[in-house]
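See structure below.
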Amino acid sequence: MAKRKCTIPRSVQSISLTWQDAHIRHRFSDFSVRRYKGEIVWGGGLQPNLTSPIYQIEIRYRLREVPKVRVIAPPLAPKAPHLYSNGTLCLYWPKEWRWRQDQLIADTIIPWAATWLYYYELWLDTDKWLGPSSHDRQD
């Protein structure tokens, strides 16, 4: 019997919005979902530790675009660090890591948002961002 050669596809295969939704709602069962013309929006609560408030977040995603995460409530403090100008969370530095459409939001973006909230709360206490901050380096 001949061995089959393992080939790697030339292009990255997108995970469908339906598949992303299934994984998110399996891991984060309290998240809700809304669909708009080619965009899906998930909303749900994350609590970085037992003494934290439950932060309501929103994740907006279109195929072939980067998922965008925003805290809906409670409001973030003025001048909170590691936010983009549109108010979305800076979860990673694009020079070090890039979103790929073959990745699961439930395994990457949502846990990173919870981690971001953990460091945000430390920032509230210390006035220093103690989490990863590669983009603060001078390159």
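By convention in this document, the chains of the structure tokens carry letters A, B, ... by their order, each chain's residues are numbered from 1, and ligands are numbered from 1 in the order they are shown.
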
If you count only C-alpha atoms, which residues fall within 12 Å of stretch 109-111 of chain A, apart from same-chain ones fewer than 6 positions away, as a ChimeraX atom specification?
/A:20,23-25,27-28,31,42-48,56-61,66-71,89-92,98-100,103,117-118

Test item, alpha helix (DSSP H) assignment across stretch 11-135 of chain A, answer as a PyMOL selection string:
chain A and resi 17-27+109-126

Convert the current residue selection to file output with C-alpha atoms, as a CSV table (one decimal), in the first residue's frame.
```csv
chain,number,residue,atom,x,y,z
A,17,LEU,CA,-19.0,32.4,10.9
A,18,THR,CA,-21.3,29.5,11.9
A,19,TRP,CA,-18.3,27.4,13.1
A,20,GLN,CA,-16.9,30.3,15.0
A,21,ASP,CA,-20.3,30.8,16.6
A,22,ALA,CA,-20.6,27.2,17.6
A,23,HIS,CA,-17.2,27.2,19.3
A,24,ILE,CA,-17.8,30.5,21.1
A,25,ARG,CA,-21.2,29.4,22.4
A,26,HIS,CA,-19.9,26.0,23.4
A,27,ARG,CA,-17.0,27.5,25.5
A,109,ILE,CA,-9.4,36.5,21.2
A,110,ILE,CA,-11.9,35.8,24.1
A,111,PRO,CA,-9.3,34.4,26.5
A,112,TRP,CA,-7.0,37.3,25.5
A,113,ALA,CA,-9.8,39.8,26.2
A,114,ALA,CA,-10.1,38.2,29.7
A,115,THR,CA,-6.4,38.6,30.2
A,116,TRP,CA,-6.5,42.2,29.0
A,117,LEU,CA,-9.2,42.9,31.6
A,118,TYR,CA,-7.1,41.3,34.3
A,119,TYR,CA,-4.2,43.6,33.5
A,120,TYR,CA,-6.6,46.6,33.2
A,121,GLU,CA,-7.7,46.0,36.8
A,122,LEU,CA,-4.0,45.9,37.9
A,123,TRP,CA,-3.5,49.2,36.0
A,124,LEU,CA,-6.4,50.7,37.9
A,125,ASP,CA,-4.7,49.7,41.2
A,126,THR,CA,-1.1,50.6,40.3
```

Quick check, in Å to one decimal: how far apart do atom CA of A:Pro81 and atom CA of A:Trp93 lie?
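About the pair atom CA of A:Pro81 and atom CA of A:Trp93: they are 13.6 Å apart.
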
What is the atom CA of A:Ser32 to atom CA of A:Ile54 distance in Å?
15.2 Å

Using atom CA of A:Ser85 and atom CA of A:Leu130 as the two end points, give the distance in Å to one decimal.
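Computing the Euclidean distance for atom CA of A:Ser85 and atom CA of A:Leu130 yields 20.8 Å.
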
Nearest residue to A:Asp102 out of A:Pro78, A:Glu65, A:Asn86, A:Arg34, using only C-alpha atoms?
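Result for the nearest residue to A:Asp102: A:Glu65.
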